[in-house]
file input12.json (JSON, C-alpha atoms)
[["chain", "number", "residue", "atom", "x", "y", "z"],
["A", 1, "MET", "CA", 2.03, -1.95, -0.30],
["A", 2, "ILE", "CA", 4.22, -3.47, 2.43],
["A", 3, "SER", "CA", 7.40, -2.52, 0.55],
["A", 4, "GLY", "CA", 6.33, 1.13, 0.40],
["A", 5, "ILE", "CA", 5.46, 1.17, 4.11],
["A", 6, "VAL", "CA", 8.65, -0.53, 5.28],
["A", 7, "GLY", "CA", 10.82, 1.25, 2.72],
["A", 8, "ARG", "CA", 9.58, 4.64, 3.88],
["A", 9, "TYR", "CA", 10.33, 3.68, 7.50],
["A", 10, "LEU", "CA", 13.88, 2.60, 6.64],
["A", 11, "LEU", "CA", 14.34, 5.83, 4.68],
["A", 12, "LYS", "CA", 13.12, 7.87, 7.66],
["A", 13, "ARG", "CA", 15.59, 6.03, 9.90],
["A", 14, "GLU", "CA", 18.34, 6.79, 7.35],
["A", 15, "LEU", "CA", 18.99, 3.07, 6.94],
["A", 16, "LEU", "CA", 18.46, 3.43, 3.19],
["A", 17, "THR", "CA", 19.09, 6.33, 0.82],
["A", 18, "PRO", "CA", 16.35, 7.46, -1.60],
["A", 19, "LYS", "CA", 18.36, 5.99, -4.49],
["A", 20, "GLU", "CA", 18.82, 2.64, -2.74],
["A", 21, "LEU", "CA", 15.10, 2.43, -2.00],
["A", 22, "GLU", "CA", 14.29, 3.28, -5.61],
["A", 23, "ILE", "CA", 16.50, 0.42, -6.81],
["A", 24, "VAL", "CA", 14.98, -2.06, -4.34],
["A", 25, "LEU", "CA", 11.40, -1.18, -5.30],
["A", 26, "LEU", "CA", 12.29, -1.40, -8.99],
["A", 27, "GLU", "CA", 13.93, -4.82, -8.74],
["A", 28, "GLN", "CA", 11.70, -6.63, -6.26],
["A", 29, "GLY", "CA", 9.17, -7.59, -8.94],
["A", 30, "GLN", "CA", 11.77, -9.60, -10.84],
["A", 31, "VAL", "CA", 13.51, -11.35, -7.96],
["A", 32, "ARG", "CA", 12.93, -14.94, -6.86],
["A", 33, "VAL", "CA", 13.11, -15.22, -3.10],
["A", 34, "LYS", "CA", 15.64, -17.76, -1.84],
["A", 35, "LEU", "CA", 14.46, -20.44, 0.56],
["A", 36, "GLY", "CA", 17.24, -19.58, 2.99],
["A", 37, "LEU", "CA", 15.98, -16.02, 3.39],
["A", 38, "ILE", "CA", 12.43, -17.25, 3.99],
["A", 39, "ALA", "CA", 13.70, -19.82, 6.52],
["A", 40, "VAL", "CA", 15.41, -17.02, 8.47],
["A", 41, "ALA", "CA", 12.28, -14.84, 8.28],
["A", 42, "GLU", "CA", 10.17, -17.72, 9.61],
["A", 43, "GLY", "CA", 12.63, -18.38, 12.45],
["A", 44, "LEU", "CA", 13.36, -21.90, 11.20],
["A", 45, "MET", "CA", 17.05, -21.28, 10.53],
["A", 46, "THR", "CA", 19.68, -18.75, 11.56],
["A", 47, "GLN", "CA", 21.69, -16.65, 9.15],
["A", 48, "GLU", "CA", 24.75, -18.71, 10.03],
["A", 49, "GLU", "CA", 22.97, -21.95, 9.16],
["A", 50, "THR", "CA", 21.80, -20.64, 5.79],
["A", 51, "ASP", "CA", 25.33, -19.44, 5.03],
["A", 52, "LYS", "CA", 26.62, -22.97, 5.74],
["A", 53, "VAL", "CA", 24.06, -24.47, 3.36],
["A", 54, "HIS", "CA", 24.95, -21.94, 0.63],
["A", 55, "ARG", "CA", 28.65, -22.78, 0.99],
["A", 56, "PHE", "CA", 27.82, -26.49, 0.69],
["A", 57, "GLN", "CA", 25.70, -25.73, -2.38],
["A", 58, "SER", "CA", 28.70, -24.15, -4.08],
["A", 59, "VAL", "CA", 30.55, -27.49, -4.12],
["A", 60, "THR", "CA", 27.68, -29.91, -4.69],
["A", 61, "ASP", "CA", 24.77, -30.27, -7.12],
["A", 62, "LYS", "CA", 21.98, -30.21, -4.56],
["A", 63, "ARG", "CA", 19.08, -27.88, -3.83],
["A", 64, "PHE", "CA", 18.99, -25.71, -0.72],
["A", 65, "GLY", "CA", 16.00, -27.56, 0.74],
["A", 66, "ASP", "CA", 17.57, -31.00, 0.29],
["A", 67, "ILE", "CA", 20.81, -29.93, 2.01],
["A", 68, "ALA", "CA", 18.92, -28.24, 4.88],
["A", 69, "VAL", "CA", 16.90, -31.41, 5.46],
["A", 70, "GLU", "CA", 20.03, -33.58, 5.37],
["A", 71, "LYS", "CA", 21.71, -31.38, 7.97],
["A", 72, "GLY", "CA", 18.63, -31.42, 10.19],
["A", 73, "TYR", "CA", 17.86, -27.72, 9.89],
["A", 74, "LEU", "CA", 14.49, -28.27, 8.19],
["A", 75, "THR", "CA", 11.90, -31.00, 7.67],
["A", 76, "ARG", "CA", 10.34, -31.85, 4.31],
["A", 77, "GLU", "CA", 7.15, -30.19, 5.55],
["A", 78, "ASP", "CA", 9.11, -27.02, 6.35],
["A", 79, "VAL", "CA", 10.52, -26.96, 2.81],
["A", 80, "GLU", "CA", 7.06, -27.30, 1.26],
["A", 81, "MET", "CA", 5.77, -24.43, 3.40],
["A", 82, "LEU", "CA", 8.72, -22.24, 2.43],
["A", 83, "LEU", "CA", 8.20, -22.92, -1.28],
["A", 84, "HIS", "CA", 4.65, -21.55, -1.02],
["A", 85, "LYS", "CA", 5.96, -18.25, 0.37],
["A", 86, "GLN", "CA", 8.39, -17.40, -2.43],
["A", 87, "GLU", "CA", 6.11, -14.80, -4.05],
["A", 88, "ASN", "CA", 5.52, -12.77, -0.87],
["A", 89, "ALA", "CA", 6.22, -9.04, -1.48],
["A", 90, "TYR", "CA", 7.87, -8.45, 1.91],
["A", 91, "LEU", "CA", 10.27, -11.34, 1.33],
["A", 92, "ALA", "CA", 11.02, -10.14, -2.21],
["A", 93, "PHE", "CA", 11.83, -6.71, -0.74],
["A", 94, "ALA", "CA", 14.14, -8.38, 1.78],
["A", 95, "GLN", "CA", 15.79, -10.47, -0.93],
["A", 96, "VAL", "CA", 16.75, -7.41, -2.97],
["A", 97, "LEU", "CA", 18.11, -5.71, 0.16],
["A", 98, "GLU", "CA", 20.26, -8.78, 0.75],
["A", 99, "ASN", "CA", 21.30, -9.07, -2.90],
["A", 100, "HIS", "CA", 22.66, -5.52, -2.78],
["A", 101, "ARG", "CA", 24.22, -6.13, 0.64],
["A", 102, "LEU", "CA", 22.19, -3.32, 2.14],
["A", 103, "MET", "CA", 21.02, -5.45, 5.08],
["A", 104, "THR", "CA", 20.45, -9.09, 5.97],
["A", 105, "MET", "CA", 17.12, -10.69, 6.71],
["A", 106, "GLU", "CA", 18.00, -10.82, 10.41],
["A", 107, "GLU", "CA", 18.79, -7.09, 10.40],
["A", 108, "LEU", "CA", 15.52, -6.26, 8.62],
["A", 109, "GLU", "CA", 13.57, -8.34, 11.12],
["A", 110, "GLN", "CA", 15.22, -6.41, 13.96],
["A", 111, "TYR", "CA", 14.18, -3.13, 12.35],
["A", 112, "MET", "CA", 10.65, -4.54, 12.05],
["A", 113, "LEU", "CA", 10.65, -5.00, 15.84],
["A", 114, "ASP", "CA", 11.59, -1.32, 16.12],
["A", 115, "PHE", "CA", 8.77, -0.51, 13.67],
["A", 116, "GLN", "CA", 6.35, -2.49, 15.83],
["A", 117, "THR", "CA", 7.37, -0.53, 18.94],
["A", 118, "ASP", "CA", 7.35, 2.87, 17.22],
["A", 119, "TYR", "CA", 3.83, 2.36, 15.86],
["A", 120, "ASN", "CA", 2.46, 0.49, 18.89],
["A", 121, "LEU", "CA", 1.57, -2.62, 16.89],
["A", 122, "THR", "CA", 1.14, -6.24, 17.96],
["A", 123, "LEU", "CA", 2.94, -9.23, 16.49],
["A", 124, "MET", "CA", -0.31, -10.12, 14.71],
["A", 125, "ASP", "CA", -0.44, -6.61, 13.24],
["A", 126, "ILE", "CA", 3.08, -7.09, 11.86],
["A", 127, "GLU", "CA", 2.04, -10.40, 10.30],
["A", 128, "ASP", "CA", -0.91, -8.62, 8.69],
["A", 129, "LEU", "CA", 1.49, -6.05, 7.23],
["A", 130, "LYS", "CA", 3.86, -8.72, 5.92],
["A", 131, "SER", "CA", 0.96, -10.48, 4.17],
["A", 132, "ASP", "CA", 0.75, -7.53, 1.74],
["A", 133, "ASP", "CA", -3.02, -8.09, 1.74],
["A", 134, "ILE", "CA", -4.86, -4.75, 1.58],
["A", 135, "ASP", "CA", -7.85, -6.18, 3.47],
["A", 136, "ARG", "CA", -5.52, -7.07, 6.37],
["A", 137, "ILE", "CA", -3.38, -3.92, 6.20],
["A", 138, "LEU", "CA", -6.08, -1.24, 5.90],
["A", 139, "PRO", "CA", -7.69, -1.83, 9.34],
["A", 140, "LEU", "CA", -4.32, -1.06, 10.98],
["A", 141, "PHE", "CA", -4.57, 2.52, 9.65],
["A", 142, "MET", "CA", -8.25, 3.08, 10.45],
["A", 143, "PRO", "CA", -9.69, 4.80, 13.55],
["A", 144, "ILE", "CA", -11.64, 2.67, 16.00],
["A", 145, "GLY", "CA", -15.32, 2.36, 15.07],
["A", 146, "CYS", "CA", -14.89, 3.11, 11.35],
["A", 147, "GLU", "CA", -15.66, -0.33, 9.99],
["A", 148, "LYS", "CA", -18.37, 1.11, 7.69],
["A", 149, "TYR", "CA", -15.63, 2.69, 5.55],
["A", 150, "LEU", "CA", -13.51, -0.43, 5.10],
["A", 151, "ASN", "CA", -15.15, -1.87, 1.98],
["A", 152, "ILE", "CA", -15.23, 1.44, 0.08],
["A", 153, "ALA", "CA", -11.65, 2.39, 0.99],
["A", 154, "GLY", "CA", -10.35, -1.15, 0.45],
["A", 155, "SER", "CA", -11.89, -1.34, -3.03],
["A", 156, "ALA", "CA", -10.30, 2.00, -4.01],
["A", 157, "LEU", "CA", -6.88, 0.99, -2.68],
["A", 158, "ARG", "CA", -6.96, -2.30, -4.60],
["A", 159, "MET", "CA", -7.77, -0.41, -7.78],
["A", 160, "LEU", "CA", -4.99, 2.13, -7.17],
["A", 161, "SER", "CA", -2.51, -0.64, -6.43],
["A", 162, "ARG", "CA", -3.39, -2.59, -9.59],
["A", 163, "CYS", "CA", -3.60, 0.30, -12.04],
["A", 164, "ILE", "CA", -1.36, 3.09, -10.77],
["A", 165, "ASP", "CA", 1.25, 2.19, -8.14],
["A", 166, "THR", "CA", 1.82, -1.21, -6.54],
["A", 167, "GLU", "CA", 3.82, 0.44, -3.74],
["A", 168, "ILE", "CA", 1.25, 2.90, -2.41],
["A", 169, "TYR", "CA", 1.50, 3.43, 1.32],
["A", 170, "LEU", "CA", -0.76, 4.93, 3.96],
["A", 171, "GLU", "CA", -0.78, 7.20, 6.95],
["A", 172, "LYS", "CA", -3.24, 6.91, 9.83],
["A", 173, "ALA", "CA", -6.77, 7.85, 8.80],
["A", 174, "PHE", "CA", -8.91, 10.22, 10.88],
["A", 175, "VAL", "CA", -12.52, 11.39, 11.08],
["A", 176, "ALA", "CA", -13.25, 15.10, 10.64],
["A", 177, "ASP", "CA", -15.87, 17.51, 9.35],
["A", 178, "ARG", "CA", -13.34, 19.28, 7.11],
["A", 179, "CYS", "CA", -9.87, 18.87, 5.65],
["A", 180, "ALA", "CA", -7.51, 21.30, 3.93],
["A", 181, "ALA", "CA", -6.81, 20.95, 0.20],
["A", 182, "ASP", "CA", -5.90, 23.11, -2.78],
["A", 183, "ASN", "CA", -7.68, 21.12, -5.50],
["A", 184, "GLY", "CA", -9.57, 17.89, -6.05],
["A", 185, "ALA", "CA", -12.70, 16.08, -7.19],
["A", 186, "VAL", "CA", -15.85, 14.72, -5.51],
["A", 187, "GLN", "CA", -18.55, 12.27, -6.55],
["A", 188, "LEU", "CA", -21.91, 11.30, -5.09],
["A", 189, "VAL", "CA", -22.84, 7.60, -5.24],
["A", 190, "GLU", "CA", -26.57, 7.01, -4.80],
["A", 191, "GLY", "CA", -28.12, 3.75, -3.70],
["A", 192, "GLU", "CA", -27.83, 1.39, -0.78],
["A", 193, "PRO", "CA", -25.33, 1.98, 0.66],
["A", 194, "GLY", "CA", -25.03, 5.53, -0.65],
["A", 195, "PHE", "CA", -21.93, 7.59, -0.04],
["A", 196, "SER", "CA", -19.84, 10.46, -1.28],
["A", 197, "SER", "CA", -16.12, 10.30, -1.94],
["A", 198, "GLY", "CA", -13.35, 12.58, -3.07],
["A", 199, "ILE", "CA", -9.66, 12.78, -3.85],
["A", 200, "PHE", "CA", -7.80, 15.92, -2.83],
["A", 201, "GLY", "CA", -4.29, 17.29, -3.01],
["A", 202, "LYS", "CA", -2.17, 20.26, -2.09],
["A", 203, "GLU", "CA", -0.28, 22.21, -4.71],
["A", 204, "ASN", "CA", 0.71, 19.71, -7.47],
["A", 205, "SER", "CA", 0.51, 16.47, -5.45],
["A", 206, "LEU", "CA", -2.50, 15.09, -7.37],
["A", 207, "LEU", "CA", -0.70, 15.37, -10.69],
["A", 208, "VAL", "CA", 1.35, 12.23, -10.03],
["A", 209, "ALA", "CA", -1.77, 10.11, -9.58],
["A", 210, "VAL", "CA", -3.66, 11.52, -12.57],
["A", 211, "SER", "CA", -0.58, 11.30, -14.82],
["A", 212, "ALA", "CA", -0.15, 7.62, -13.96],
["A", 213, "PHE", "CA", -3.87, 6.98, -14.43],
["A", 214, "GLU", "CA", -4.15, 8.74, -17.80],
["A", 215, "LYS", "CA", -0.66, 7.67, -18.94],
["A", 216, "LYS", "CA", -0.14, 11.29, -19.85],
["A", 217, "LYS", "CA", 2.19, 13.77, -18.20],
["A", 218, "TYR", "CA", 0.36, 16.60, -16.44],
["A", 219, "THR", "CA", 2.65, 19.42, -15.29],
["A", 220, "GLU", "CA", 0.18, 21.91, -13.83],
["A", 221, "VAL", "CA", -3.14, 22.04, -12.01],
["A", 222, "ASN", "CA", -5.72, 23.16, -14.56],
["A", 223, "GLU", "CA", -9.07, 22.15, -16.02],
["A", 224, "ASP", "CA", -7.57, 19.22, -17.93],
["A", 225, "SER", "CA", -5.66, 17.69, -15.00],
["A", 226, "MET", "CA", -8.54, 18.10, -12.52],
["A", 227, "ASN", "CA", -10.99, 16.66, -15.04],
["A", 228, "ALA", "CA", -8.62, 13.67, -15.12],
["A", 229, "ALA", "CA", -8.83, 13.56, -11.30],
["A", 230, "GLY", "CA", -12.60, 13.32, -11.66],
["A", 231, "GLU", "CA", -12.21, 10.47, -14.14],
["A", 232, "LEU", "CA", -9.87, 8.66, -11.74],
["A", 233, "LEU", "CA", -12.40, 9.04, -8.91],
["A", 234, "ASN", "CA", -15.19, 7.79, -11.17],
["A", 235, "CYS", "CA", -13.08, 4.74, -12.04],
["A", 236, "LEU", "CA", -12.47, 3.96, -8.35],
["A", 237, "ASN", "CA", -16.16, 4.27, -7.47],
["A", 238, "SER", "CA", -17.28, 2.32, -10.56],
["A", 239, "PHE", "CA", -15.08, -0.58, -9.50],
["A", 240, "TYR", "CA", -16.81, -0.66, -6.10],
["A", 241, "ALA", "CA", -20.29, -0.11, -7.54],
["A", 242, "ARG", "CA", -19.84, -2.91, -10.06],
["A", 243, "ASN", "CA", -19.14, -5.38, -7.28],
["A", 244, "LEU", "CA", -22.20, -4.22, -5.33],
["A", 245, "SER", "CA", -24.42, -4.39, -8.42],
["A", 246, "GLN", "CA", -23.41, -8.00, -9.01],
["A", 247, "GLY", "CA", -24.87, -8.71, -5.57],
["A", 248, "GLY", "CA", -28.21, -7.15, -6.57],
["A", 249, "ALA", "CA", -27.75, -3.66, -5.09],
["A", 250, "TYR", "CA", -28.94, -0.57, -6.98],
["A", 251, "ILE", "CA", -26.09, 1.92, -7.39],
["A", 252, "ARG", "CA", -26.02, 5.15, -9.41],
["A", 253, "LEU", "CA", -22.91, 7.30, -9.84],
["A", 254, "ARG", "CA", -23.42, 11.03, -10.30],
["A", 255, "GLN", "CA", -21.09, 12.99, -12.58],
["A", 256, "PRO", "CA", -17.87, 13.88, -10.71],
["A", 257, "GLU", "CA", -17.26, 17.53, -9.88],
["A", 258, "TYR", "CA", -13.79, 19.04, -9.69],
["A", 259, "SER", "CA", -12.08, 22.30, -8.86],
["A", 260, "VAL", "CA", -8.62, 23.69, -9.54],
["A", 261, "SER", "CA", -8.71, 26.04, -6.53],
["A", 262, "ILE", "CA", -10.37, 25.33, -3.18],
["A", 263, "SER", "CA", -9.63, 25.82, 0.50],
["A", 264, "GLY", "CA", -10.63, 22.27, 1.38],
["A", 265, "ALA", "CA", -13.45, 19.75, 1.72],
["A", 266, "ALA", "CA", -16.26, 19.67, 4.27],
["A", 267, "GLY", "CA", -18.98, 17.28, 5.39],
["A", 268, "GLU", "CA", -20.87, 16.27, 8.51],
["A", 269, "GLU", "CA", -18.60, 13.25, 9.08],
["A", 270, "MET", "CA", -15.77, 12.30, 6.75],
["A", 271, "LEU", "CA", -13.05, 9.69, 6.84],
["A", 272, "VAL", "CA", -9.76, 11.18, 5.63],
["A", 273, "LEU", "CA", -7.23, 8.55, 4.53],
["A", 274, "PRO", "CA", -3.82, 9.88, 3.38],
["A", 275, "VAL", "CA", -2.50, 7.72, 0.52],
["A", 276, "TYR", "CA", 0.97, 8.18, -0.92],
["A", 277, "ILE", "CA", 1.22, 7.46, -4.65],
["A", 278, "GLN", "CA", 4.77, 7.48, -6.01],
["A", 279, "GLY", "CA", 5.72, 9.44, -2.88],
["A", 280, "GLU", "CA", 3.09, 12.19, -3.27],
["A", 281, "ARG", "CA", 0.18, 12.50, -0.85],
["A", 282, "THR", "CA", -3.41, 12.22, -2.01],
["A", 283, "ASP", "CA", -6.20, 12.45, 0.57],
["A", 284, "MET", "CA", -8.95, 9.93, -0.05],
["A", 285, "VAL", "CA", -12.10, 11.26, 1.65],
["A", 286, "ILE", "CA", -15.30, 9.26, 2.22],
["A", 287, "ALA", "CA", -18.65, 10.25, 3.74],
["A", 288, "ALA", "CA", -20.91, 7.26, 4.33],
["A", 289, "GLY", "CA", -24.54, 8.31, 3.84],
["A", 290, "GLY", "CA", -23.57, 11.96, 3.50],
["A", 291, "GLU", "CA", -22.16, 14.43, 1.00],
["A", 292, "ILE", "CA", -18.74, 16.05, 0.64],
["A", 293, "ARG", "CA", -18.61, 19.60, -0.63],
["A", 294, "MET", "CA", -15.58, 21.52, -1.83],
["A", 295, "THR", "CA", -15.10, 24.81, 0.00],
["A", 296, "GLU", "CA", -14.17, 27.87, -2.05],
["A", 297, "CYS", "CA", -11.08, 29.94, -1.38],
["A", 298, "GLU", "CA", -11.68, 33.23, 0.38],
["A", 299, "LYS", "CA", -11.40, 36.16, -1.99]]

call {"tool": "encode", "arguments": {"input": "input12.json", "output": "structure tokens"}}
result
Amino acid sequence: MISGIVGRYLLKRELLTPKELEIVLLEQGQVRVKLGLIAVAEGLMTQEETDKVHRFQSVTDKRFGDIAVEKGYLTREDVEMLLHKQENAYLAFAQVLENHRLMTMEELEQYMLDFQTDYNLTLMDIEDLKSDDIDRILPLFMPIGCEKYLNIAGSALRMLSRCIDTEIYLEKAFVADRCAADNGAVQLVEGEPGFSSGIFGKENSLLVAVSAFEKKKYTEVNEDSMNAAGELLNCLNSFYARNLSQGGAYIRLRQPEYSVSISGAAGEEMLVLPVYIQGERTDMVIAAGGEIRMTECEK
């Protein structure tokens, strides 16, 4: 998730091209993050110091950590800590940027300070983002006082990230009694806690999500593709309900309803969370203790 959020910001700033970002996102899953890059990210070494260690490595058969300790840049404890961070998604993203000479770790960190200012975040918020932990990231995009939605939304995002797109990214959520949409699906979940949820799109935006979910290419909004949207929603809610049921709660999922042509969704109080899946926006809508209804287009 962090790579999608930061990548989109760099794209917006024109610091990366769409093609460069595509390459970085594609390669980051296969890269092994170098200790030197992590040391710079953690503020333990400068770029100049890591460059010196790399040059020394080229003429001697020693590991980066051993050389850095010998030169007094790091302690053994520092090296152990850095080794545990090698699978972090943010650092893998940074490593690919550096591998392609698109920007250094120090440059990326400077842009992250700009990101922090632009989005009015704290240093702790930035650390939450860099963790790539959905449970730490989601609250940064939620309105104040909406804690009751966190578990439902977090469960759905984890499922989307695991099964559809590891680089989903979010926009700020908001509370409303209606939201505009052209098509979508809703489902009522009965029990304690009961809720209603939906996924909605404009024009063909939902087709990306349902195509990835069904592993079948949908090219138009019709009965088949929106039925698939209902199946996706049912899968997301089943994942959440299963976890609640294991704790002894009674949960019953009603059959999803879908429509190929609506003017939007309405409810007494709904959380609307914009989620971007492979670059296309899907609105995840949740009503805790209430129902969401799809509003028909005016004839």

call {"tool": "residues_around", "arguments": {"input": "input12.json", "residues": "Lys172 of chain A", "least_positions_apart": "3", "cutoff": "12 Å", "atoms": "all atoms listed in the file", "output": "list in words"}}
result
Ile5, Tyr119, Ile137, Leu138, Pro139, Leu140, Phe141, Met142, Pro143, Ile144, Tyr169, Val175, Leu271, Val272, Leu273, Pro274, Val275, Tyr276, Asp283 and Met284 of chain A

call {"tool": "atom_distance", "arguments": {"input": "input12.json", "atom1": "atom CA of Arg293 of chain A", "atom2": "atom CA of Gly267 of chain A"}}
result
6.5 Å

call {"tool": "closest_residue", "arguments": {"input": "input12.json", "among": "A:Pro193, A:Gly72, A:Gly36, A:Gly184", "to": "Ala94 of chain A", "atoms": "all atoms listed in the file"}}
result
A:Gly36

call {"tool": "atom_distance", "arguments": {"input": "input12.json", "atom1": "atom CA of Asn243 of chain A", "atom2": "atom CA of Asp135 of chain A"}}
result
15.6 Å

call {"tool": "closest_residue", "arguments": {"input": "input12.json", "among": "A:Arg178, A:Arg76, A:Lys71, A:Arg281", "to": "Thr295 of chain A", "atoms": "only C-alpha atoms"}}
result
A:Arg178

call {"tool": "closest_residue", "arguments": {"input": "input12.json", "among": "A:Gln47, A:Ser261, A:Ser58, A:Asn88", "to": "Arg32 of chain A", "atoms": "only C-alpha atoms"}}
result
A:Asn88

call {"tool": "closest_residue", "arguments": {"input": "input12.json", "among": "A:Glu107, A:Glu22, A:Glu291, A:Asp132", "to": "Glu190 of chain A", "atoms": "all atoms listed in the file"}}
result
A:Glu291

call {"tool": "closest_residue", "arguments": {"input": "input12.json", "among": "A:Thr122, A:Ser155, A:Gln57, A:Thr46", "to": "Thr104 of chain A", "atoms": "all atoms listed in the file"}}
result
A:Thr46

call {"tool": "residues_around", "arguments": {"input": "input12.json", "residues": "Val33 of chain A", "least_positions_apart": "6", "cutoff": "10 Å", "atoms": "all atoms listed in the file", "output": "ChimeraX atom specification"}}
result
/A:82-83,85-96

call {"tool": "closest_atom_pairs", "arguments": {"input": "input12.json", "of": "segment 55-167 of chain A", "to": "segment 210-213 of chain A", "cutoff": "9 Å", "atoms": "only C-alpha atoms", "output": "CSV"}}
result
residue,atom,partner,partner_atom,distance
A:Leu160,CA,A:Phe213,CA,8.8
A:Cys163,CA,A:Phe213,CA,7.1
A:Ile164,CA,A:Ala212,CA,5.7
A:Asp165,CA,A:Ala212,CA,8.1

call {"tool": "write_last_selection", "arguments": {"input": "input12.json", "atoms": "C-alpha atoms", "output": "PDB file, keeping the file's coordinate frame"}}
result
ATOM      1  CA  LEU A 160      -4.990   2.130  -7.170  1.00  0.00           C
ATOM      2  CA  CYS A 163      -3.600   0.300 -12.040  1.00  0.00           C
ATOM      3  CA  ILE A 164      -1.360   3.090 -10.770  1.00  0.00           C
ATOM      4  CA  ASP A 165       1.250   2.190  -8.140  1.00  0.00           C
TER       5      ASP A 165
END

call {"tool": "atom_distance", "arguments": {"input": "input12.json", "atom1": "atom CA of Ile262 of chain A", "atom2": "atom CA of Glu296 of chain A"}}
result
4.7 Å

call {"tool": "residues_around", "arguments": {"input": "input12.json", "residues": "segment 230-239 of chain A", "least_positions_apart": "5", "cutoff": "7 Å", "atoms": "only C-alpha atoms", "output": "list in words"}}
result
Ala156, Met159, Ala185, Gly198, Ile199, Val210, Phe213, Pro256, Glu257 and Tyr258 of chain A

call {"tool": "residues_around", "arguments": {"input": "input12.json", "residues": "Leu15 of chain A", "least_positions_apart": "4", "cutoff": "9 Å", "atoms": "only C-alpha atoms", "output": "PyMOL selection string"}}
result
chain A and resi 9-11+102-103

call {"tool": "closest_residue", "arguments": {"input": "input12.json", "among": "A:Gly289, A:Leu113, A:Leu253, A:Arg101", "to": "Tyr240 of chain A", "atoms": "all atoms listed in the file"}}
result
A:Leu253

call {"tool": "residues_near_point", "arguments": {"input": "input12.json", "point": "(21.2, -1.6, -7.4)", "cutoff": "9 Å", "atoms": "all atoms listed in the file", "output": "short mmCIF file (atom, residue, chain, number, x, y, z; two decimals) with C-alpha atoms, in the frame of the given file"}}
result
data_model
loop_
_atom_site.label_atom_id
_atom_site.label_comp_id
_atom_site.auth_asym_id
_atom_site.auth_seq_id
_atom_site.Cartn_x
_atom_site.Cartn_y
_atom_site.Cartn_z
CA LYS A 19 18.36 5.99 -4.49
CA GLU A 20 18.82 2.64 -2.74
CA GLU A 22 14.29 3.28 -5.61
CA ILE A 23 16.50 0.42 -6.81
CA VAL A 24 14.98 -2.06 -4.34
CA GLU A 27 13.93 -4.82 -8.74
CA VAL A 96 16.75 -7.41 -2.97
CA ASN A 99 21.30 -9.07 -2.90
CA HIS A 100 22.66 -5.52 -2.78
#

call {"tool": "decode", "arguments": {"input": "input12.json", "residues": "segment 130-142 of chain A", "atoms": "N, CA and C atoms", "output": "PDB file, in the first residue's frame"}}
result
ATOM      1  N   LYS A 130       5.109   4.255   6.462  1.00  0.00           N
ATOM      2  CA  LYS A 130       6.266   3.464   6.037  1.00  0.00           C
ATOM      3  C   LYS A 130       6.198   2.021   6.538  1.00  0.00           C
ATOM      4  N   SER A 131       5.409   1.784   7.574  1.00  0.00           N
ATOM      5  CA  SER A 131       5.285   0.418   8.104  1.00  0.00           C
ATOM      6  C   SER A 131       4.581  -0.508   7.111  1.00  0.00           C
ATOM      7  N   ASP A 132       3.796   0.069   6.194  1.00  0.00           N
ATOM      8  CA  ASP A 132       2.988  -0.678   5.234  1.00  0.00           C
ATOM      9  C   ASP A 132       1.981  -1.599   5.924  1.00  0.00           C
ATOM     10  N   ASP A 133       1.604  -1.235   7.140  1.00  0.00           N
ATOM     11  CA  ASP A 133       0.633  -1.991   7.929  1.00  0.00           C
ATOM     12  C   ASP A 133      -0.727  -1.311   7.770  1.00  0.00           C
ATOM     13  N   ILE A 134      -1.700  -2.016   7.171  1.00  0.00           N
ATOM     14  CA  ILE A 134      -3.004  -1.423   6.908  1.00  0.00           C
ATOM     15  C   ILE A 134      -3.652  -0.906   8.181  1.00  0.00           C
ATOM     16  N   ASP A 135      -3.495  -1.615   9.301  1.00  0.00           N
ATOM     17  CA  ASP A 135      -4.100  -1.179  10.552  1.00  0.00           C
ATOM     18  C   ASP A 135      -3.500   0.139  11.054  1.00  0.00           C
ATOM     19  N   ARG A 136      -2.277   0.445  10.661  1.00  0.00           N
ATOM     20  CA  ARG A 136      -1.652   1.718  11.036  1.00  0.00           C
ATOM     21  C   ARG A 136      -1.901   2.808   9.996  1.00  0.00           C
ATOM     22  N   ILE A 137      -2.077   2.412   8.735  1.00  0.00           N
ATOM     23  CA  ILE A 137      -2.269   3.388   7.663  1.00  0.00           C
ATOM     24  C   ILE A 137      -3.714   3.885   7.595  1.00  0.00           C
ATOM     25  N   LEU A 138      -4.683   2.970   7.702  1.00  0.00           N
ATOM     26  CA  LEU A 138      -6.083   3.331   7.519  1.00  0.00           C
ATOM     27  C   LEU A 138      -6.545   4.499   8.396  1.00  0.00           C
ATOM     28  N   PRO A 139      -6.207   4.544   9.701  1.00  0.00           N
ATOM     29  CA  PRO A 139      -6.679   5.665  10.522  1.00  0.00           C
ATOM     30  C   PRO A 139      -6.241   7.041  10.013  1.00  0.00           C
ATOM     31  N   LEU A 140      -5.144   7.104   9.252  1.00  0.00           N
ATOM     32  CA  LEU A 140      -4.668   8.380   8.722  1.00  0.00           C
ATOM     33  C   LEU A 140      -5.621   8.936   7.658  1.00  0.00           C
ATOM     34  N   PHE A 141      -6.451   8.068   7.069  1.00  0.00           N
ATOM     35  CA  PHE A 141      -7.366   8.480   6.009  1.00  0.00           C
ATOM     36  C   PHE A 141      -8.816   8.543   6.476  1.00  0.00           C
ATOM     37  N   MET A 142      -9.027   8.347   7.789  1.00  0.00           N
ATOM     38  CA  MET A 142     -10.386   8.319   8.323  1.00  0.00           C
ATOM     39  C   MET A 142     -10.744   9.649   8.982  1.00  0.00           C
TER      40      MET A 142
END
